[in-house]
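Colleague: Sending over run-v2.cif (mmCIF, C-alpha atoms).
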```
data_protein
loop_
_atom_site.label_atom_id
_atom_site.label_comp_id
_atom_site.auth_asym_id
_atom_site.auth_seq_id
_atom_site.Cartn_x
_atom_site.Cartn_y
_atom_site.Cartn_z
CA MET R 1088 12.16 -13.75 21.86
CA ILE R 1089 8.77 -13.32 23.52
CA ASP R 1090 8.13 -15.83 26.31
CA ASP R 1091 6.13 -16.15 29.52
CA GLU R 1092 8.90 -14.68 31.66
CA LEU R 1093 9.20 -11.56 29.51
CA ALA R 1094 5.44 -11.01 29.58
CA ARG R 1095 5.34 -11.40 33.37
CA ARG R 1096 8.25 -9.00 33.87
CA LEU R 1097 6.63 -6.36 31.68
CA VAL R 1098 3.30 -6.57 33.50
CA ARG R 1099 4.92 -6.71 36.94
CA ALA R 1100 7.14 -3.70 36.31
CA GLN R 1101 4.71 -1.43 34.50
CA PHE R 1102 1.29 -2.44 35.82
CA PRO R 1103 1.83 -3.77 39.35
CA GLN R 1104 -1.93 -3.58 40.04
CA TRP R 1105 -2.28 -6.63 37.78
CA SER R 1106 0.91 -8.46 38.76
CA ALA R 1107 -0.92 -11.07 40.84
CA LEU R 1108 -3.27 -12.09 38.04
CA PRO R 1109 -2.55 -15.38 36.24
CA LEU R 1110 -0.99 -15.02 32.79
CA ARG R 1111 -1.81 -17.67 30.17
CA LEU R 1112 -0.54 -17.90 26.61
CA VAL R 1113 -3.27 -17.88 23.97
CA ASP R 1114 -2.41 -20.48 21.36
CA PRO R 1115 -2.59 -20.29 18.46
CA ALA R 1116 -2.13 -16.55 18.22
CA GLY R 1117 -1.88 -14.45 15.08
CA SER R 1118 1.18 -13.72 12.99
CA ASP R 1119 1.39 -10.14 14.28
CA HIS R 1120 1.05 -10.55 18.07
CA VAL R 1121 1.74 -12.91 20.92
CA ILE R 1122 -1.35 -12.81 23.14
CA TYR R 1123 -1.69 -13.66 26.80
CA ARG R 1124 -4.86 -13.77 28.82
CA LEU R 1125 -4.35 -11.77 32.01
CA GLY R 1126 -6.77 -12.90 34.69
CA ASP R 1127 -10.33 -13.33 33.46
CA GLU R 1128 -10.98 -9.88 32.02
CA LEU R 1129 -7.78 -8.66 30.35
CA ALA R 1130 -5.45 -9.57 27.49
CA VAL R 1131 -1.79 -8.67 26.92
CA ARG R 1132 -0.85 -8.21 23.26
CA LEU R 1133 2.84 -8.08 22.36
CA PRO R 1134 3.76 -7.20 18.74
CA ARG R 1135 5.98 -9.80 17.08
CA HIS R 1136 7.61 -7.37 14.63
CA SER R 1137 8.03 -3.68 13.91
CA ASP R 1138 5.25 -3.59 11.29
CA ALA R 1139 2.73 -4.50 14.01
CA ALA R 1140 4.08 -2.10 16.62
CA GLY R 1141 2.00 0.86 15.42
CA GLN R 1142 -1.26 -0.98 16.06
CA VAL R 1143 -1.14 -0.24 19.79
CA GLY R 1144 -1.38 3.52 19.40
CA LYS R 1145 -3.81 3.33 16.50
CA GLU R 1146 -6.35 1.24 18.39
CA LEU R 1147 -6.01 3.36 21.53
CA ARG R 1148 -6.68 6.52 19.53
CA TRP R 1149 -9.44 5.47 17.17
CA LEU R 1150 -11.39 2.49 18.49
CA PRO R 1151 -13.11 4.42 21.29
CA ARG R 1152 -14.48 6.73 18.59
CA LEU R 1153 -15.59 3.96 16.27
CA ALA R 1154 -16.88 1.28 18.66
CA PRO R 1155 -20.14 3.01 19.67
CA HIS R 1156 -21.25 3.00 16.03
CA LEU R 1157 -20.46 -0.66 15.29
CA PRO R 1158 -22.83 -3.64 15.64
CA LEU R 1159 -20.12 -6.10 16.75
CA ARG R 1160 -17.74 -5.83 19.69
CA THR R 1161 -14.22 -4.52 19.14
CA PRO R 1162 -11.09 -4.44 21.32
CA SER R 1163 -11.20 -2.02 24.25
CA PRO R 1164 -7.67 -0.77 25.01
CA VAL R 1165 -7.03 -0.32 28.72
CA ALA R 1166 -3.35 0.58 28.91
CA VAL R 1167 -0.22 0.87 26.79
CA GLY R 1168 3.10 -0.51 27.96
CA ARG R 1169 6.52 0.70 26.89
CA ALA R 1170 9.62 -1.02 25.61
CA ALA R 1171 11.69 -2.65 28.38
CA PHE R 1172 13.86 -5.65 29.26
CA GLY R 1173 15.13 -5.88 25.69
CA TYR R 1174 11.62 -5.89 24.22
CA PRO R 1175 11.68 -2.99 21.71
CA TRP R 1176 8.05 -1.90 21.08
CA PRO R 1177 4.95 -0.54 22.77
CA TRP R 1178 2.48 -3.22 23.83
CA ALA R 1179 -1.13 -3.20 24.96
CA VAL R 1180 -3.46 -4.39 27.67
CA SER R 1181 -7.05 -4.69 26.43
CA ARG R 1182 -10.34 -6.09 27.67
CA TRP R 1183 -10.59 -9.82 27.00
CA LEU R 1184 -13.07 -10.74 24.28
CA ASP R 1185 -14.60 -14.19 24.64
CA GLY R 1186 -15.19 -16.19 21.51
CA GLN R 1187 -13.84 -18.63 18.97
CA VAL R 1188 -12.18 -17.66 15.71
CA ALA R 1189 -14.64 -17.84 12.82
CA THR R 1190 -14.29 -20.82 10.50
CA VAL R 1191 -15.51 -21.66 7.03
CA ALA R 1192 -17.03 -24.89 8.35
CA MET R 1193 -19.17 -22.95 10.81
CA LEU R 1194 -20.17 -19.86 8.82
CA GLY R 1195 -19.11 -20.21 5.19
CA ASP R 1196 -22.57 -21.11 3.87
CA SER R 1197 -24.50 -18.75 6.15
CA VAL R 1198 -26.35 -16.00 4.32
CA GLU R 1199 -27.14 -14.51 7.72
CA THR R 1200 -23.41 -14.21 8.42
CA ALA R 1201 -22.84 -12.63 5.02
CA VAL R 1202 -25.45 -9.98 5.76
CA GLU R 1203 -24.00 -9.38 9.25
CA LEU R 1204 -20.57 -8.80 7.75
CA ALA R 1205 -22.02 -6.35 5.24
CA THR R 1206 -23.92 -4.59 8.04
CA PHE R 1207 -20.72 -4.20 10.04
CA LEU R 1208 -18.83 -2.72 7.09
CA THR R 1209 -21.73 -0.44 6.24
CA ALA R 1210 -21.70 0.86 9.81
CA LEU R 1211 -17.92 1.32 9.78
CA GLN R 1212 -18.03 3.17 6.48
CA GLY R 1213 -20.85 5.33 7.79
CA VAL R 1214 -18.81 6.81 10.62
CA PRO R 1215 -17.60 10.25 9.48
CA ALA R 1216 -14.08 9.85 8.14
CA VAL R 1217 -11.16 11.94 9.29
CA GLY R 1218 -8.21 13.24 7.32
CA GLY R 1219 -4.70 14.47 7.83
CA HIS R 1220 -3.48 11.53 9.91
CA ALA R 1221 -0.55 9.71 8.33
CA GLU R 1222 -1.23 6.45 10.15
CA LEU R 1223 -4.63 6.21 8.43
CA ALA R 1224 -3.39 6.56 4.87
CA GLY R 1225 -4.35 3.49 2.87
CA ARG R 1226 -1.79 1.69 0.73
CA PRO R 1227 -2.68 1.70 -3.00
CA LEU R 1228 -3.26 -1.72 -4.51
CA ALA R 1229 -0.73 -0.92 -7.22
CA ASP R 1230 2.02 -0.81 -4.59
CA ARG R 1231 1.70 -4.59 -4.36
CA ASP R 1232 2.12 -5.16 -8.09
CA ALA R 1233 5.72 -6.35 -8.23
CA GLY R 1234 5.44 -8.56 -5.16
CA THR R 1235 2.15 -10.09 -6.27
CA ARG R 1236 3.36 -10.86 -9.77
CA GLY R 1237 6.46 -12.43 -8.29
CA ALA R 1238 4.35 -14.56 -5.97
CA ILE R 1239 2.08 -15.61 -8.86
CA ALA R 1240 5.13 -16.78 -10.79
CA GLU R 1241 6.40 -18.65 -7.74
CA VAL R 1242 3.20 -20.68 -7.34
CA ALA R 1243 2.50 -21.19 -11.03
CA GLY R 1244 2.92 -24.93 -10.61
CA VAL R 1245 0.26 -25.04 -7.89
CA PHE R 1246 -2.41 -22.62 -9.12
CA ASP R 1247 -3.53 -21.35 -12.53
CA ALA R 1248 -1.09 -18.52 -13.16
CA GLU R 1249 -3.00 -17.24 -16.19
CA ALA R 1250 -6.23 -16.98 -14.21
CA MET R 1251 -4.49 -15.28 -11.26
CA THR R 1252 -2.84 -12.79 -13.58
CA ALA R 1253 -6.19 -12.02 -15.22
CA VAL R 1254 -7.75 -11.27 -11.80
CA TRP R 1255 -4.79 -9.11 -10.84
CA ASP R 1256 -4.75 -7.19 -14.12
CA ALA R 1257 -8.49 -6.55 -13.86
CA ALA R 1258 -8.05 -5.21 -10.32
CA LEU R 1259 -5.37 -2.77 -11.41
CA ARG R 1260 -7.40 -1.65 -14.44
CA ALA R 1261 -10.58 -1.10 -12.45
CA PRO R 1262 -11.60 2.54 -11.93
CA ALA R 1263 -10.36 3.95 -8.65
CA TRP R 1264 -12.64 4.78 -5.73
CA ASP R 1265 -14.24 8.11 -6.73
CA ARG R 1266 -16.43 8.75 -3.68
CA PRO R 1267 -15.50 10.41 -0.39
CA PRO R 1268 -12.99 8.36 1.62
CA VAL R 1269 -14.46 6.02 4.22
CA TRP R 1270 -13.17 3.96 7.14
CA PHE R 1271 -11.89 0.46 6.40
CA HIS R 1272 -10.69 -2.28 8.76
CA GLY R 1273 -7.75 -3.16 6.54
CA ASP R 1274 -7.29 -6.79 7.59
CA PHE R 1275 -10.83 -8.13 7.42
CA HIS R 1276 -10.44 -11.92 7.27
CA THR R 1277 -11.56 -14.99 9.22
CA GLY R 1278 -8.74 -14.84 11.76
CA ASN R 1279 -9.95 -11.43 12.92
CA LEU R 1280 -13.56 -12.46 13.52
CA LEU R 1281 -14.79 -14.03 16.76
CA THR R 1282 -17.94 -16.04 17.28
CA THR R 1283 -20.03 -17.07 20.27
CA GLY R 1284 -22.80 -19.61 20.03
CA GLY R 1285 -22.18 -20.00 16.31
CA ARG R 1286 -22.79 -16.31 15.61
CA LEU R 1287 -20.44 -13.45 14.86
CA SER R 1288 -19.67 -11.54 18.05
CA ALA R 1289 -16.52 -9.43 17.62
CA VAL R 1290 -14.03 -7.98 15.16
CA ILE R 1291 -10.42 -7.69 16.32
CA ASP R 1292 -6.96 -6.56 15.16
CA PHE R 1293 -7.47 -3.09 13.74
CA GLY R 1294 -3.81 -2.58 12.86
CA GLY R 1295 -4.72 -1.98 9.22
CA LEU R 1296 -7.42 0.56 10.09
CA GLY R 1297 -7.49 3.43 7.66
CA VAL R 1298 -9.48 5.88 5.58
CA GLY R 1299 -9.88 5.72 1.82
CA ASP R 1300 -10.99 2.98 -0.59
CA PRO R 1301 -12.84 0.19 1.29
CA ALA R 1302 -12.16 -2.48 -1.36
CA CYS R 1303 -9.54 -4.16 0.83
CA ASP R 1304 -12.28 -5.22 3.27
CA LEU R 1305 -13.94 -7.33 0.57
CA THR R 1306 -11.23 -9.90 1.29
CA ILE R 1307 -13.62 -11.47 3.80
CA ALA R 1308 -15.88 -12.57 0.95
CA PHE R 1309 -13.08 -14.77 -0.37
CA THR R 1310 -11.68 -16.05 2.93
CA LEU R 1311 -14.90 -17.02 4.72
CA LEU R 1312 -17.93 -17.11 2.46
CA SER R 1313 -19.18 -19.65 -0.07
CA VAL R 1314 -20.40 -18.63 -3.52
CA THR R 1315 -23.91 -18.15 -2.12
CA GLY R 1316 -22.58 -16.16 0.84
CA ARG R 1317 -20.48 -13.95 -1.41
CA ALA R 1318 -23.50 -13.10 -3.52
CA ALA R 1319 -25.55 -12.20 -0.44
CA PHE R 1320 -22.67 -10.17 0.99
CA ARG R 1321 -22.18 -8.21 -2.22
CA GLU R 1322 -25.89 -7.48 -2.55
CA ALA R 1323 -26.22 -6.35 1.07
CA LEU R 1324 -23.17 -4.08 0.77
CA THR R 1325 -24.23 -2.84 -2.72
CA VAL R 1326 -20.74 -3.23 -4.17
CA ASP R 1327 -20.23 -1.97 -7.72
CA ASP R 1328 -18.22 -3.87 -10.35
CA ALA R 1329 -15.08 -1.75 -10.04
CA THR R 1330 -14.90 -2.06 -6.25
CA TRP R 1331 -15.55 -5.80 -6.47
CA ALA R 1332 -12.70 -6.18 -8.98
CA ARG R 1333 -10.34 -4.30 -6.69
CA GLY R 1334 -11.55 -6.41 -3.76
CA ARG R 1335 -10.76 -9.61 -5.67
CA GLY R 1336 -7.32 -8.17 -6.31
CA TRP R 1337 -6.75 -7.49 -2.61
CA ALA R 1338 -7.89 -11.02 -1.74
CA LEU R 1339 -5.66 -12.58 -4.38
CA ALA R 1340 -2.62 -10.54 -3.38
CA ALA R 1341 -3.04 -11.35 0.31
CA GLY R 1342 -3.63 -15.02 -0.39
CA VAL R 1343 -0.80 -15.65 -2.82
CA ASN R 1344 1.75 -13.71 -0.79
CA ALA R 1345 0.78 -15.53 2.42
CA TYR R 1346 0.94 -18.85 0.58
CA THR R 1347 4.49 -18.27 -0.61
CA SER R 1348 5.56 -17.20 2.90
CA TYR R 1349 3.86 -19.80 5.08
CA ALA R 1350 2.42 -22.74 3.12
CA ALA R 1351 5.58 -24.82 3.39
CA VAL R 1352 5.69 -24.54 7.19
CA ASN R 1353 2.06 -24.15 8.24
CA PRO R 1354 -0.54 -26.59 6.87
CA ARG R 1355 -3.44 -24.50 8.24
CA ILE R 1356 -2.31 -21.38 6.40
CA ALA R 1357 -1.68 -23.49 3.29
CA ALA R 1358 -5.28 -24.72 3.35
CA ASP R 1359 -6.75 -21.30 4.14
CA THR R 1360 -4.83 -19.47 1.44
CA THR R 1361 -5.51 -22.19 -1.13
CA ARG R 1362 -9.23 -21.61 -0.56
CA GLN R 1363 -8.74 -17.85 -0.70
CA ILE R 1364 -6.82 -17.92 -3.96
CA THR R 1365 -9.29 -20.32 -5.54
CA ALA R 1366 -12.25 -18.17 -4.47
CA ALA R 1367 -10.59 -14.99 -5.78
CA ILE R 1368 -10.04 -16.66 -9.15
CA SER R 1369 -13.64 -17.82 -9.37
CA GLY R 1370 -14.99 -14.42 -8.34
#
```
Could I get this structure in the form of structure tokens?
Modeller:
Amino acid sequence: MIDDELARRLVRAQFPQWSALPLRLVDPAGSDHVIYRLGDELAVRLPRHSDAAGQVGKELRWLPRLAPHLPLRTPSPVAVGRAAFGYPWPWAVSRWLDGQVATVAMLGDSVETAVELATFLTALQGVPAVGGHAELAGRPLADRDAGTRGAIAEVAGVFDAEAMTAVWDAALRAPAWDRPPVWFHGDFHTGNLLTTGGRLSAVIDFGGLGVGDPACDLTIAFTLLSVTGRAAFREALTVDDATWARGRGWALAAGVNAYTSYAAVNPRIAADTTRQITAAISG
């Protein structure tokens, strides 16, 4: 259980220089972290589960190397806390990033946004990749085959199962990435984009950061952009047919698995994933 008292105790015990700062829960937060604003300039991020616990060290190690090359702001880790008071994982203090989470209503039809997203990914992929680090190894799309087919069967009464299966089969048949490995964000969707003044301003949550095939980052085309935006995004990023097919597969897998897990209890996720699945089917 993560609550205000636990967050205060952790900060007070491990970072007494910040113990007098007000601590305010950020709501809604993501599915991976509980986030508190600490004073005006800092944020406390507490992983909700073990799968998110590795993000703390990954961002601390790699973001300072990547951020200078990127056209949008990214988290700036300040300190890493340790497990204590029954809380079992490392946790982070980062610089606070102002902004609102990107929405389809605000940016979905914006060709300018589509080009900005492509520019960000082009810059990320252009940073020299590194190798030999286990935490950066990308997960093959095929690893999600059984779970995705099971999820497709589960929602067959809601969405077109034949069309979803065709998209998934095409993604798995598509030729693999045959160029040098590049950096990818790994969780590039609307919830991890911030805006200020109606413009993209920051990219957050680099827990899926890795090196390899960048097709997973094409998910943003199906979570945020309209048909027109997707076309502009694909042209600006110069995505070939095989990579686009794999990207549709990543978007479908993420959408259908999230739908089966959360749609019944979270209307917002139900609406978001319905749009994502429908966009992945349409291409």
Colleague: Could you state the separation of CA of Asp1091 (chain R) and CA of Val1121 (chain R) in Å, given to one decimal place?
Modeller: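 It comes out at 10.2 Å.
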Colleague: Might you pull out every residue within 9 Å of Phe1172 (chain R), with all atoms listed in the file counted and same-chain residues fewer than 2 positions away left off, and present them as a VMD selection string?
Modeller: chain R and resid 1093 1096 to 1097 1170 1174 to 1175
Colleague: Please list as a list in words every residue within 9 Å of Leu1133 (chain R), counting only C-alpha atoms and excluding residues in the same chain fewer than 2 positions away.
Modeller: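 Close residues of Leu1133 (chain R): Ile1089, Ala1094, Asp1119, His1120, Val1121, Ile1122, Tyr1123, Val1131, Arg1135, Ala1140, Trp1176, Pro1177, Trp1178 and Ala1179 of chain R.
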Colleague: In Å, with one decimal, what is the gap from CA of Gly1336 (chain R) to CA of Ser1137 (chain R)?
Modeller: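 Going from CA of Gly1336 (chain R) over to CA of Ser1137 (chain R), I get 25.8 Å.
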Colleague: Once the PyMOL selection byres ((chain R and resi 1306-1310) around 9) has been evaluated on this model, what residues remain selected, and can you format them as an MDAnalysis selection string?
Modeller: chainID R and resid 1191 1195 1201 1204 1274:1277 1302:1305 1311:1314 1316:1318 1320:1321 1334:1339 1341:1342 1359:1360 1362:1367 1370
Colleague: Pick out the closest residue to Leu1147 (chain R) from this set: R:Thr1330, R:Ser1163, R:Thr1209, R:Thr1347. Count all atoms listed in the file.
Modeller: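 Looking only at the distances to Leu1147 (chain R), the closest residue turns out to be R:Ser1163.
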Colleague: Give one line per residue of region 1133-1159 of chain R that approaches region 1288-1300 of chain R to at most 8 Å, naming the two atoms of the closest pair and their distance in Å to one decimal, counting only C-alpha atoms; sort by chain then ascending residue number and deliver it as a Markdown table.
Modeller:
```
| residue | atom | partner | partner_atom | distance |
| --- | --- | --- | --- | --- |
| R:Ala1139 | CA | R:Gly1294 | CA | 6.9 |
| R:Gly1141 | CA | R:Gly1294 | CA | 7.2 |
| R:Gln1142 | CA | R:Gly1294 | CA | 4.4 |
| R:Val1143 | CA | R:Gly1294 | CA | 7.8 |
| R:Lys1145 | CA | R:Gly1294 | CA | 6.9 |
| R:Glu1146 | CA | R:Phe1293 | CA | 6.5 |
| R:Leu1159 | CA | R:Ala1289 | CA | 5.0 |
```
Colleague: Just want the 12 Å neighbourhood of Gly1218 (chain R), counted on all atoms listed in the file, with same-chain residues fewer than 2 positions away dropped. Output as a list in words.
Modeller: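 Residues meeting the cut-off are Pro1215, Ala1216, His1220, Ala1221, Glu1222, Leu1223, Ala1224, Gly1225, Pro1267, Pro1268, Val1269, Trp1270, Gly1297, Val1298 and Gly1299 of chain R.
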Colleague: To verify the selection step, state as a VMD selection string which residues the PyMOL selection byres ((chain R and resi 1257-1259) around 6) yields on this input.
Modeller: chain R and resid 1254 to 1256 1260 to 1261 1332 to 1333 1336
Colleague: Using CA of Pro1103 (chain R) and CA of Arg1124 (chain R) as the two end points, give the distance in Å to one decimal.
Modeller: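 A separation of 16.0 Å between them.
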Colleague: Could you tell me which residues the PyMOL selection byres ((chain R and resi 1283) around 10) grabs in this file, written as a PyMOL selection string?
Modeller: chain R and resi 1185-1189+1281-1282+1284-1289
Colleague: Of the candidates R:Leu1157, R:Gly1168, R:Trp1149, R:Glu1128, which shows the shortest atom-to-atom distance to Gln1101 (chain R), using only C-alpha atoms?
Modeller: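 Under the stated criterion, the closest residue is R:Gly1168.
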Colleague: What residues have an atom no more than 12 Å from (7.8, -6.7, -1.0) in the file's own frame, counting all atoms listed in the file, and can you write them as number ranges by chain?
Modeller: R: 1230-1238, 1340-1341, 1344-1345, 1348
Colleague: Please determine, counting all atoms listed in the file, which residue among R:Val1202, R:Ala1250, R:Ala1263, R:Val1165 has the shortest atom-to-atom distance to Trp1331 (chain R).
Modeller: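 Using all atoms listed in the file, the shortest distance to Trp1331 (chain R) belongs to R:Ala1263.
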Colleague: So, counting all atoms listed in the file, which residue among R:Asp1327, R:Thr1315, R:Arg1355, R:Leu1184 is closest to Ser1197 (chain R)?
Modeller: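 Using all atoms listed in the file, Ser1197 (chain R) sits closest to R:Thr1315.
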Colleague: Adding 3 Å on each side of the box along x, y and z that holds all listed atoms of region 1266-1280 of chain R, could you give its centre and edge lengths in Å to one decimal, as JSON?
Modeller:
```
{"center_x": -11.9, "center_y": -2.3, "center_z": 4.9, "size_x": 15.1, "size_y": 31.4, "size_z": 23.2}
```
Colleague: Kindly indicate which residue among R:Pro1262, R:Gly1219, R:Pro1301, R:Gly1173 lies nearest to Asp1328 (chain R), using only C-alpha atoms for the distances.
Modeller: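 So, comparing all the options, the nearest one is R:Pro1262.
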